[in-house]
$ cat input_6.txt   # compact mmCIF, C-alpha atoms
# COMPACT_ATOMS: atom_id res chain seq x y z
CA CYS A 13 -22.91 162.78 94.27
CA GLY A 14 -20.40 162.54 97.12
CA LYS A 15 -21.20 158.89 97.83
CA THR A 16 -18.88 155.86 97.64
CA TYR A 17 -20.14 152.53 96.36
CA TYR A 18 -18.56 149.19 97.23
CA THR A 19 -19.13 145.86 95.48
CA ASP A 20 -18.24 142.65 97.30
CA MET A 21 -16.07 140.60 94.89
CA SER A 22 -14.77 138.12 97.49
CA SER A 23 -16.64 135.23 95.84
CA ILE A 24 -14.79 135.85 92.57
CA VAL A 25 -11.37 137.18 93.49
CA ASN A 26 -9.18 137.10 96.60
CA GLU A 27 -8.26 140.36 98.30
CA PHE A 28 -5.25 142.13 96.70
CA SER A 29 -5.29 139.64 93.80
CA ASN A 30 -5.78 140.45 90.13
CA VAL A 31 -6.44 136.80 89.16
CA THR A 32 -9.93 135.41 89.65
CA LYS A 33 -10.58 132.31 91.73
CA PRO A 34 -11.79 130.21 88.76
CA ILE A 35 -8.53 130.93 86.90
CA ILE A 36 -6.48 130.09 90.00
CA GLU A 37 -8.37 126.81 90.34
CA LYS A 38 -7.81 126.12 86.64
CA ILE A 39 -4.03 126.62 87.09
CA LEU A 40 -3.99 124.31 90.11
CA HIS A 41 -6.05 121.76 88.21
CA LEU A 42 -3.75 121.77 85.17
CA TYR A 43 -0.75 121.12 87.37
CA SER A 44 -2.27 118.58 89.77
CA VAL A 45 -3.96 116.46 87.08
CA PHE A 46 -1.59 116.77 84.12
CA GLY A 47 1.65 117.94 85.76
CA SER A 48 1.79 120.71 83.16
CA SER A 49 4.80 123.01 83.13
CA ILE A 50 4.35 126.72 83.84
CA TYR A 51 4.70 127.62 80.17
CA LYS A 52 2.22 124.94 79.08
CA ILE A 53 -0.28 126.29 81.62
CA GLN A 54 0.34 129.80 80.30
CA ASN A 55 -0.33 128.68 76.71
CA GLU A 56 -3.41 126.68 77.73
CA LEU A 57 -4.97 129.70 79.45
CA LYS A 58 -4.30 131.87 76.40
CA GLU A 59 -5.54 129.41 73.77
CA GLU A 60 -8.56 127.97 75.57
CA HIS A 61 -9.71 130.89 77.72
CA ASN A 62 -8.08 133.95 76.11
CA VAL A 63 -6.51 134.80 79.47
CA GLU A 64 -3.00 136.19 79.54
CA ILE A 65 -1.01 135.61 82.75
CA SER A 66 2.75 135.84 83.16
CA HIS A 67 4.69 132.70 84.00
CA GLN A 68 5.90 134.46 87.19
CA THR A 69 2.29 134.87 88.37
CA ILE A 70 1.55 131.21 87.63
CA GLU A 71 4.65 130.23 89.61
CA ARG A 72 3.51 132.35 92.57
CA ILE A 73 0.05 130.74 92.45
CA LEU A 74 1.54 127.24 92.48
CA ILE A 75 4.03 128.00 95.27
CA GLY A 76 1.33 129.80 97.25
CA PHE A 77 -0.92 126.75 97.28
CA ASN A 78 -1.68 125.88 100.90
CA PHE A 79 -2.27 122.14 101.18
CA ASN A 80 -4.55 121.15 104.05
CA LYS A 81 -5.45 117.50 104.51
CA LYS A 82 -9.19 117.03 104.58
CA HIS A 83 -8.83 114.25 107.17
CA LYS A 84 -9.30 115.07 110.81
CA PRO A 85 -6.20 114.24 112.83
CA TRP A 86 -8.04 111.78 115.08
CA THR A 87 -9.10 109.54 112.18
CA LEU A 88 -5.69 107.93 111.56
CA SER A 89 -5.79 104.14 111.74
CA GLY A 90 -2.46 103.41 113.44
CA TYR A 91 -1.26 101.25 110.52
CA TYR A 92 1.30 103.07 108.40
CA LEU A 93 3.92 102.88 105.69
CA PHE A 94 6.95 105.15 105.88
CA ASP A 95 9.45 106.08 103.21
CA SER A 96 11.59 108.96 102.00
CA LEU A 97 11.97 110.36 98.50
CA TRP A 98 15.09 112.07 97.19
CA VAL A 99 14.35 115.45 95.59
CA LYS A 100 16.94 117.61 93.87
CA ILE A 101 16.80 121.35 94.64
CA GLU A 102 19.27 123.56 92.79
CA GLY A 103 21.44 120.54 92.13
CA LYS A 104 21.48 119.28 95.75
CA TRP A 105 19.56 116.25 97.02
CA LYS A 106 17.05 116.76 99.85
CA TYR A 107 14.65 114.28 101.46
CA LEU A 108 10.88 114.26 101.35
CA LEU A 109 9.64 112.21 104.32
CA ALA A 110 6.15 110.74 104.05
CA LEU A 111 3.79 108.74 106.26
CA PHE A 112 1.09 106.70 104.49
CA ASP A 113 -2.03 105.53 106.34
CA ILE A 114 -2.88 102.01 105.12
CA LYS A 115 -6.60 102.21 105.90
CA MET A 116 -7.07 105.68 104.41
CA ASN A 117 -4.90 104.72 101.40
CA THR A 118 -3.12 108.06 101.25
CA ILE A 119 -0.16 110.04 102.54
CA VAL A 120 -1.31 111.76 105.72
CA SER A 121 1.88 113.64 106.56
CA PHE A 122 4.93 114.82 104.64
CA ASP A 123 7.84 117.19 105.09
CA LEU A 124 10.97 118.22 103.20
CA VAL A 125 14.22 118.06 105.19
CA GLU A 126 17.91 118.69 104.64
CA SER A 127 19.14 115.30 105.87
CA GLU A 128 17.82 111.83 106.59
CA GLY A 129 19.34 111.60 110.06
CA SER A 130 17.86 109.52 112.87
CA LYS A 131 16.72 112.54 114.90
CA THR A 132 15.01 114.10 111.88
CA ILE A 133 13.10 110.91 111.10
CA TYR A 134 12.22 110.35 114.77
CA ASP A 135 10.86 113.91 115.12
CA PHE A 136 8.83 113.61 111.90
CA ILE A 137 7.14 110.31 112.79
CA ASN A 138 6.65 111.35 116.41
CA LYS A 139 4.98 114.62 115.40
CA SER A 140 2.89 112.97 112.67
CA THR A 141 1.50 110.32 115.03
CA ARG A 142 1.23 112.33 118.25
CA ASN A 143 -1.91 111.33 120.18
CA GLN A 144 -2.69 108.80 117.44
CA PRO A 145 -2.96 104.99 117.50
CA LYS A 146 0.46 103.36 117.12
CA LYS A 147 0.03 99.87 115.72
CA SER A 148 2.66 99.28 113.06
CA ILE A 149 4.92 100.86 110.44
CA THR A 150 6.14 99.03 107.36
CA THR A 151 9.41 100.26 105.86
CA ASP A 152 12.32 99.15 103.74
CA LEU A 153 15.41 97.69 105.43
CA LYS A 154 17.36 100.85 106.33
CA LYS A 155 19.08 100.24 109.65
CA GLU A 156 18.34 103.78 110.86
CA TYR A 157 14.61 103.03 110.93
CA ARG A 158 14.83 100.05 113.29
CA GLU A 159 15.71 101.78 116.57
CA ILE A 160 13.53 104.81 115.78
CA ILE A 161 10.34 102.84 115.18
CA SER A 162 10.97 100.63 118.21
CA ARG A 163 11.47 103.70 120.45
CA LEU A 164 8.20 105.16 119.22
CA GLY A 165 6.30 102.03 120.25
CA PHE A 166 5.32 100.63 116.85
CA LYS A 167 5.60 97.11 115.55
CA HIS A 168 8.15 97.37 112.75
CA GLN A 169 7.30 95.27 109.70
CA PHE A 170 10.13 94.80 107.20
CA CYS A 171 9.06 95.11 103.56
CA HIS A 172 9.17 91.64 101.94
CA PHE A 173 9.87 93.10 98.51
CA HIS A 174 13.01 94.86 99.77
CA THR A 175 13.95 91.75 101.77
CA LYS A 176 13.90 89.59 98.64
CA GLN A 177 15.85 92.25 96.76
CA MET A 178 18.52 92.26 99.47
CA ILE A 179 18.76 88.45 99.49
CA ASN A 180 19.06 88.30 95.71
CA ARG A 181 21.74 90.99 95.73
CA ASN A 182 23.81 89.32 98.45
CA ILE A 183 23.63 85.94 96.69
CA ARG A 184 24.50 87.42 93.31
CA ASP A 185 27.55 89.24 94.76
CA TYR A 186 28.67 86.13 96.66
CA ILE A 187 28.48 83.89 93.58
CA LYS A 188 30.40 86.44 91.51
CA GLU A 189 33.13 87.06 94.10
CA ASN A 190 33.67 83.37 94.90
CA LYS A 191 33.28 82.07 91.34
CA CYS A 192 30.96 79.32 92.53
CA ASN A 193 30.58 76.18 90.45
CA LYS A 194 27.29 74.96 89.03
CA ASP A 195 26.49 72.57 91.91
CA ASP A 196 27.14 75.26 94.55
CA ILE A 197 24.94 77.72 92.69
CA GLU A 198 22.13 75.18 92.45
CA LEU A 199 22.31 74.46 96.20
CA ILE A 200 22.30 78.18 97.06
CA LYS A 201 19.29 78.79 94.82
CA ASN A 202 17.37 75.91 96.40
CA TYR A 203 17.85 77.37 99.88
CA LYS A 204 16.96 80.82 98.59
CA SER A 205 13.68 79.44 97.21
CA PHE A 206 12.95 77.89 100.60
CA ILE A 207 13.53 81.26 102.32
CA PHE A 208 11.21 82.95 99.83
CA GLU A 209 8.56 80.32 100.54
CA MET A 210 8.91 81.14 104.23
CA LEU A 211 8.38 84.85 103.49
CA ASP A 212 5.29 84.00 101.44
CA CYS A 213 3.67 81.83 104.12
CA GLU A 214 0.06 82.66 104.98
CA CYS A 215 0.22 81.74 108.67
CA PHE A 216 2.76 82.42 111.40
CA GLU A 217 3.04 78.79 112.52
CA GLU A 218 4.06 77.68 109.02
CA ALA A 219 6.68 80.43 108.80
CA ARG A 220 8.03 79.43 112.21
CA ARG A 221 8.26 75.82 111.06
CA CYS A 222 10.36 76.92 108.06
CA GLU A 223 12.61 78.93 110.35
CA ASN A 224 13.11 75.88 112.59
CA VAL A 225 14.07 73.75 109.58
CA LEU A 226 16.74 76.28 108.62
CA PHE A 227 17.99 76.45 112.21
CA GLU A 228 18.23 72.68 112.52
CA HIS A 229 20.26 72.50 109.29
CA ARG A 230 22.28 75.66 109.93
CA ASN A 231 25.62 73.82 109.85
CA GLU A 232 24.79 72.45 106.40
CA LEU A 233 23.83 75.80 104.87
CA PRO A 234 26.01 77.36 102.15
CA GLU A 235 28.10 80.21 103.56
CA VAL A 236 26.02 83.02 102.03
CA ILE A 237 22.72 81.45 103.19
CA PHE A 238 24.16 80.83 106.66
CA GLY A 239 25.15 84.50 106.92
CA LEU A 240 21.73 85.73 105.81
CA PHE A 241 19.95 83.39 108.21
CA MET A 242 22.09 84.03 111.30
CA ASN A 243 22.60 87.77 110.82
CA PHE A 244 19.22 88.83 109.45
CA ILE A 245 16.40 86.28 109.37
CA LEU A 246 16.92 84.82 112.84
CA PRO A 247 17.33 88.09 114.79
CA TYR A 248 14.61 89.93 112.83
CA PHE A 249 12.15 87.09 112.33
CA LYS A 250 9.32 88.90 114.17
CA SER A 251 9.79 92.04 112.08
CA LEU A 252 9.50 89.92 108.96
CA MET A 253 6.32 88.19 110.15
CA TYR A 254 4.21 90.73 112.07
CA SER A 255 1.83 90.85 109.09
CA LEU A 256 0.96 87.17 109.69
CA GLU A 257 -0.23 87.99 113.21
CA ASP A 258 -2.27 91.04 112.16
CA SER A 259 -3.82 91.16 108.69
CA ASN A 260 -4.04 94.97 108.87
CA ILE A 261 -0.23 95.20 108.70
CA GLU A 262 1.09 95.61 105.17
CA ARG A 263 3.78 93.14 104.04
CA THR A 264 5.40 95.58 101.64
CA SER A 265 5.87 99.32 101.25
CA ASN A 266 4.77 99.11 97.61
CA ARG A 267 1.75 101.37 98.06
CA ILE A 268 3.70 104.37 99.27
CA GLU A 269 6.30 103.85 96.54
CA ASN A 270 3.48 103.68 94.00
CA ALA A 271 2.13 106.97 95.40
CA PHE A 272 5.58 108.55 95.10
CA GLY A 273 5.86 107.35 91.49
CA ASN A 274 2.50 108.88 90.56
CA ILE A 275 2.86 112.11 92.51
CA PHE A 276 6.54 112.88 91.88
CA PRO A 277 7.96 110.87 88.96
CA LYS A 278 11.70 111.01 88.30
CA HIS A 279 11.58 113.72 85.64
CA ILE A 280 9.79 116.07 88.08
CA LYS A 281 11.68 115.45 91.31
CA LYS A 282 14.98 116.54 89.72
CA THR A 283 13.76 119.97 88.54
CA MET A 284 12.72 121.69 91.77
CA ARG A 285 14.18 125.06 92.85
CA THR A 286 12.85 125.85 96.34
CA PHE A 287 11.58 124.06 99.45
CA ASN A 288 8.20 125.83 99.18
CA GLY A 289 7.94 124.87 95.53
CA VAL A 290 8.50 121.19 96.34
CA LEU A 291 5.96 121.12 99.18
CA ALA A 292 3.30 123.04 97.21
CA ARG A 293 3.69 120.91 94.09
CA PHE A 294 3.71 117.68 96.08
CA GLY A 295 0.56 118.81 97.90
CA LEU A 296 -1.17 119.62 94.62
CA LYS A 297 -0.36 116.24 93.09
CA LEU A 298 -1.39 114.54 96.32
CA ARG A 299 -4.75 116.33 96.20
CA PHE A 300 -5.42 114.78 92.80
CA TRP A 301 -4.18 111.39 94.07
CA ASP A 302 -6.74 111.57 96.91
CA ARG A 303 -9.57 112.43 94.53
CA LYS A 304 -8.60 109.59 92.19
CA MET A 305 -8.47 107.09 95.08
CA VAL A 306 -11.95 108.13 96.25
CA CYS A 307 -13.36 107.73 92.75
$ encode --input "input_6.txt" --output "structure tokens"
Amino acid sequence: CGKTYYTDMSSIVNEFSNVTKPIIEKILHLYSVFGSSIYKIQNELKEEHNVEISHQTIERILIGFNFNKKHKPWTLSGYYLFDSLWVKIEGKWKYLLALFDIKMNTIVSFDLVESEGSKTIYDFINKSTRNQPKKSITTDLKKEYREIISRLGFKHQFCHFHTKQMINRNIRDYIKENKCNKDDIELIKNYKSFIFEMLDCECFEEARRCENVLFEHRNELPEVIFGLFMNFILPYFKSLMYSLEDSNIERTSNRIENAFGNIFPKHIKKTMRTFNGVLARFGLKLRFWDRKMVC
């Protein structure tokens, strides 16, 4: 008849795509919820939906996922956790930097970088918190973080879990290297318990009192305890105790490490092939994490 008819299919399929939107969402769902491999997703679509899609197409759909945080940038609380995750790409370790908002209980910014240098971390945190409240950041004890977070204007809370790990490790190495006798070991462990009690205090004044007791008896401390007190606890006392002055500050970085463990467990983070693949897959798993936290 010489006429051309056009049917709008945009609600079902994206332009230039031969895979419908429901199938794309199903692929994203299978990966984000179950962490299914490409071939498992391919088999699931065939067996349950009688849909045949190549594994290359499924890979392109996963990599093409564009993760946009639903949170508006001005809603960040100012209280954060920061950590980095090692990810292996083609046999080489890279670093996934992540900033976790304590009040929103989720990762609000992440990026994959080649190295964990001071400038890279500074630029990431600075960009992620630009024009945002800057109250505090809780991290592990990496020395590189200390100057960076101070320069950016945050209170820097040291993770108590990592602090106790470090103290235990130093004491264990000292006892082994010096072949300490039973009495020396008992004395060291008593002082260690006192330090742990200080870290577990519920008010700042009580923690300060414990610090003063250690300072007054500094000349009586075992060598390893004296070193820990003079070189770490005394100079960084405020960074260990900011959470006692502000209950919004997290004492540990456990929540971001728990998020990492759920989003990118060890068996997944060692199998990545491209930067885009890492970011897309992390974003997909994070989307499910957010939904689970809301529920």
$ atom_distance --input "input_6.txt" --atom1 "atom CA of A:Phe276" --atom2 "atom CA of A:Phe294"
7.0 Å
$ closest_residue --input "input_6.txt" --among "A:Glu269, A:Tyr186, A:Met253, A:Asn243" --to "A:Glu217" --atoms "all atoms listed in the file"
A:Met253
$ residues_around --input "input_6.txt" --residues "A:Ser127" --least-positions-apart "4" --cutoff "12 Å" --atoms "all atoms listed in the file" --output "JSON, numbers by chain"
{"A": [96, 97, 98, 99, 104, 105, 106, 107, 108, 109, 123, 131, 132, 133]}
$ residues_around --input "input_6.txt" --residues "stretch 206-212 of chain A" --least-positions-apart "6" --cutoff "9 Å" --atoms "all atoms listed in the file" --output "list in words"
His172, Lys176, Glu218, Ala219, Arg220, Arg221, Cys222, Glu223, Leu226, Phe241, Leu252 and Met253 of chain A
$ closest_residue --input "input_6.txt" --among "A:Ile183, A:Leu233, A:Cys192, A:Ile73" --to "A:Lys33" --atoms "all atoms listed in the file"
A:Ile73
$ closest_residue --input "input_6.txt" --among "A:Ile36, A:Ile101, A:Leu199, A:Met116" --to "A:Phe287" --atoms "only C-alpha atoms"
A:Ile101
$ residues_around --input "input_6.txt" --residues "A:Ile137" --least-positions-apart "3" --cutoff "12 Å" --atoms "all atoms listed in the file" --output "JSON, numbers by chain"
{"A": [90, 92, 93, 94, 95, 96, 109, 110, 111, 112, 120, 121, 122, 123, 130, 131, 132, 133, 134, 140, 141, 142, 143, 144, 146, 148, 149, 157, 160, 161, 162, 163, 164, 165, 166]}
$ atom_distance --input "input_6.txt" --atom1 "atom CA of A:Lys115" --atom2 "atom CA of A:Ser89"
6.2 Å
$ atom_distance --input "input_6.txt" --atom1 "atom CA of A:Val290" --atom2 "atom CA of A:Phe136"
17.3 Å
$ residues_around --input "input_6.txt" --residues "A:Thr151" --least-positions-apart "3" --cutoff "6 Å" --atoms "only C-alpha atoms" --output "list in words"
Phe94, Phe170, Cys171 and Ser265 of chain A
$ residues_around --input "input_6.txt" --residues "A:Ile275" --least-positions-apart "2" --cutoff "10 Å" --atoms "only C-alpha atoms" --output "VMD selection string"
chain A and resid 44 to 45 47 269 to 273 277 to 278 280 to 281 293 to 301
$ axis_aligned_box --input "input_6.txt" --around "stretch 132-146 of chain A" --padding-each-side "4 Å" --output "AutoDock Vina command-line options"
--center_x 6.0 --center_y 109.0 --center_z 115.6 --size_x 26.0 --size_y 19.3 --size_z 17.1
$ closest_residue --input "input_6.txt" --among "A:Lys38, A:Arg181, A:Arg158, A:His67" --to "A:Leu240" --atoms "only C-alpha atoms"
A:Arg181
$ residues_near_point --input "input_6.txt" --point "(-4.2, 138.6, 82.5)" --cutoff "10 Å" --atoms "only C-alpha atoms" --output "list in words"
Asn30, Val31, Thr32, Ile35, Leu57, Lys58, Asn62, Val63, Glu64, Ile65, Ser66 and Thr69 of chain A
$ closest_residue --input "input_6.txt" --among "A:Phe46, A:Tyr91, A:Tyr203, A:Phe216" --to "A:Glu257" --atoms "all atoms listed in the file"
A:Phe216
$ build_atoms --input "input_6.txt" --residues "stretch 190-201 of chain A" --atoms "all heavy atoms" --output "PDB file, keeping the file's coordinate frame"
ATOM      1  N   ASN A 190      33.063  84.663  94.572  1.00  0.00           N
ATOM      2  CA  ASN A 190      33.670  83.370  94.900  1.00  0.00           C
ATOM      3  C   ASN A 190      33.724  82.412  93.710  1.00  0.00           C
ATOM      4  O   ASN A 190      34.195  81.282  93.861  1.00  0.00           O
ATOM      5  CB  ASN A 190      32.889  82.720  96.045  1.00  0.00           C
ATOM      6  CG  ASN A 190      33.052  83.462  97.350  1.00  0.00           C
ATOM      7  OD1 ASN A 190      33.999  83.243  98.098  1.00  0.00           O
ATOM      8  ND2 ASN A 190      32.120  84.374  97.631  1.00  0.00           N
ATOM      9  N   LYS A 191      33.240  82.876  92.555  1.00  0.00           N
ATOM     10  CA  LYS A 191      33.280  82.070  91.340  1.00  0.00           C
ATOM     11  C   LYS A 191      32.761  80.644  91.595  1.00  0.00           C
ATOM     12  O   LYS A 191      33.449  79.642  91.347  1.00  0.00           O
ATOM     13  CB  LYS A 191      34.708  82.017  90.781  1.00  0.00           C
ATOM     14  CG  LYS A 191      35.254  83.402  90.404  1.00  0.00           C
ATOM     15  CD  LYS A 191      36.677  83.325  89.875  1.00  0.00           C
ATOM     16  CE  LYS A 191      37.193  84.708  89.520  1.00  0.00           C
ATOM     17  NZ  LYS A 191      38.595  84.688  89.015  1.00  0.00           N
ATOM     18  N   CYS A 192      31.563  80.599  92.137  1.00  0.00           N
ATOM     19  CA  CYS A 192      30.960  79.320  92.530  1.00  0.00           C
ATOM     20  C   CYS A 192      30.714  78.424  91.314  1.00  0.00           C
ATOM     21  O   CYS A 192      30.389  78.915  90.227  1.00  0.00           O
ATOM     22  CB  CYS A 192      29.647  79.560  93.262  1.00  0.00           C
ATOM     23  SG  CYS A 192      29.826  80.491  94.793  1.00  0.00           S
ATOM     24  N   ASN A 193      30.851  77.120  91.534  1.00  0.00           N
ATOM     25  CA  ASN A 193      30.580  76.180  90.450  1.00  0.00           C
ATOM     26  C   ASN A 193      29.070  75.940  90.338  1.00  0.00           C
ATOM     27  O   ASN A 193      28.273  76.398  91.156  1.00  0.00           O
ATOM     28  CB  ASN A 193      31.338  74.866  90.643  1.00  0.00           C
ATOM     29  CG  ASN A 193      30.948  74.161  91.941  1.00  0.00           C
ATOM     30  OD1 ASN A 193      29.774  74.061  92.289  1.00  0.00           O
ATOM     31  ND2 ASN A 193      31.952  73.668  92.671  1.00  0.00           N
ATOM     32  N   LYS A 194      28.694  75.178  89.334  1.00  0.00           N
ATOM     33  CA  LYS A 194      27.290  74.960  89.030  1.00  0.00           C
ATOM     34  C   LYS A 194      26.539  74.286  90.172  1.00  0.00           C
ATOM     35  O   LYS A 194      25.403  74.667  90.503  1.00  0.00           O
ATOM     36  CB  LYS A 194      27.180  74.104  87.759  1.00  0.00           C
ATOM     37  CG  LYS A 194      25.766  73.942  87.239  1.00  0.00           C
ATOM     38  CD  LYS A 194      25.756  73.172  85.933  1.00  0.00           C
ATOM     39  CE  LYS A 194      24.331  73.011  85.420  1.00  0.00           C
ATOM     40  NZ  LYS A 194      24.308  72.260  84.128  1.00  0.00           N
ATOM     41  N   ASP A 195      27.158  73.288  90.810  1.00  0.00           N
ATOM     42  CA  ASP A 195      26.490  72.570  91.910  1.00  0.00           C
ATOM     43  C   ASP A 195      26.266  73.493  93.104  1.00  0.00           C
ATOM     44  O   ASP A 195      25.207  73.444  93.749  1.00  0.00           O
ATOM     45  CB  ASP A 195      27.335  71.365  92.327  1.00  0.00           C
ATOM     46  CG  ASP A 195      27.346  70.280  91.261  1.00  0.00           C
ATOM     47  OD1 ASP A 195      26.419  70.271  90.422  1.00  0.00           O
ATOM     48  OD2 ASP A 195      28.274  69.458  91.270  1.00  0.00           O
ATOM     49  N   ASP A 196      27.277  74.322  93.425  1.00  0.00           N
ATOM     50  CA  ASP A 196      27.140  75.260  94.550  1.00  0.00           C
ATOM     51  C   ASP A 196      26.024  76.265  94.276  1.00  0.00           C
ATOM     52  O   ASP A 196      25.227  76.593  95.176  1.00  0.00           O
ATOM     53  CB  ASP A 196      28.455  75.998  94.790  1.00  0.00           C
ATOM     54  CG  ASP A 196      29.536  75.089  95.356  1.00  0.00           C
ATOM     55  OD1 ASP A 196      29.171  74.039  95.933  1.00  0.00           O
ATOM     56  OD2 ASP A 196      30.739  75.409  95.210  1.00  0.00           O
ATOM     57  N   ILE A 197      25.976  76.748  93.055  1.00  0.00           N
ATOM     58  CA  ILE A 197      24.940  77.720  92.690  1.00  0.00           C
ATOM     59  C   ILE A 197      23.556  77.101  92.818  1.00  0.00           C
ATOM     60  O   ILE A 197      22.618  77.731  93.329  1.00  0.00           O
ATOM     61  CB  ILE A 197      25.176  78.242  91.257  1.00  0.00           C
ATOM     62  CG1 ILE A 197      26.467  79.069  91.200  1.00  0.00           C
ATOM     63  CG2 ILE A 197      23.981  79.068  90.775  1.00  0.00           C
ATOM     64  CD1 ILE A 197      26.865  79.483  89.793  1.00  0.00           C
ATOM     65  N   GLU A 198      23.418  75.868  92.381  1.00  0.00           N
ATOM     66  CA  GLU A 198      22.130  75.180  92.450  1.00  0.00           C
ATOM     67  C   GLU A 198      21.684  75.004  93.901  1.00  0.00           C
ATOM     68  O   GLU A 198      20.501  75.212  94.243  1.00  0.00           O
ATOM     69  CB  GLU A 198      22.242  73.821  91.765  1.00  0.00           C
ATOM     70  CG  GLU A 198      20.919  73.074  91.613  1.00  0.00           C
ATOM     71  CD  GLU A 198      19.958  73.779  90.676  1.00  0.00           C
ATOM     72  OE1 GLU A 198      20.424  74.539  89.801  1.00  0.00           O
ATOM     73  OE2 GLU A 198      18.731  73.570  90.835  1.00  0.00           O
ATOM     74  N   LEU A 199      22.627  74.643  94.778  1.00  0.00           N
ATOM     75  CA  LEU A 199      22.310  74.460  96.200  1.00  0.00           C
ATOM     76  C   LEU A 199      21.892  75.784  96.835  1.00  0.00           C
ATOM     77  O   LEU A 199      20.908  75.846  97.591  1.00  0.00           O
ATOM     78  CB  LEU A 199      23.529  73.890  96.931  1.00  0.00           C
ATOM     79  CG  LEU A 199      23.339  73.581  98.421  1.00  0.00           C
ATOM     80  CD1 LEU A 199      22.249  72.509  98.609  1.00  0.00           C
ATOM     81  CD2 LEU A 199      24.650  73.125  99.048  1.00  0.00           C
ATOM     82  N   ILE A 200      22.624  76.843  96.519  1.00  0.00           N
ATOM     83  CA  ILE A 200      22.300  78.180  97.060  1.00  0.00           C
ATOM     84  C   ILE A 200      20.899  78.597  96.604  1.00  0.00           C
ATOM     85  O   ILE A 200      20.095  79.098  97.409  1.00  0.00           O
ATOM     86  CB  ILE A 200      23.350  79.211  96.598  1.00  0.00           C
ATOM     87  CG1 ILE A 200      24.682  78.960  97.302  1.00  0.00           C
ATOM     88  CG2 ILE A 200      22.870  80.634  96.889  1.00  0.00           C
ATOM     89  CD1 ILE A 200      25.842  79.769  96.740  1.00  0.00           C
ATOM     90  N   LYS A 201      20.591  78.386  95.344  1.00  0.00           N
ATOM     91  CA  LYS A 201      19.290  78.790  94.820  1.00  0.00           C
ATOM     92  C   LYS A 201      18.148  77.982  95.440  1.00  0.00           C
ATOM     93  O   LYS A 201      17.047  78.508  95.651  1.00  0.00           O
ATOM     94  CB  LYS A 201      19.275  78.659  93.299  1.00  0.00           C
ATOM     95  CG  LYS A 201      20.113  79.717  92.597  1.00  0.00           C
ATOM     96  CD  LYS A 201      19.993  79.621  91.079  1.00  0.00           C
ATOM     97  CE  LYS A 201      20.745  80.748  90.400  1.00  0.00           C
ATOM     98  NZ  LYS A 201      20.636  80.682  88.914  1.00  0.00           N
TER      99      LYS A 201
END
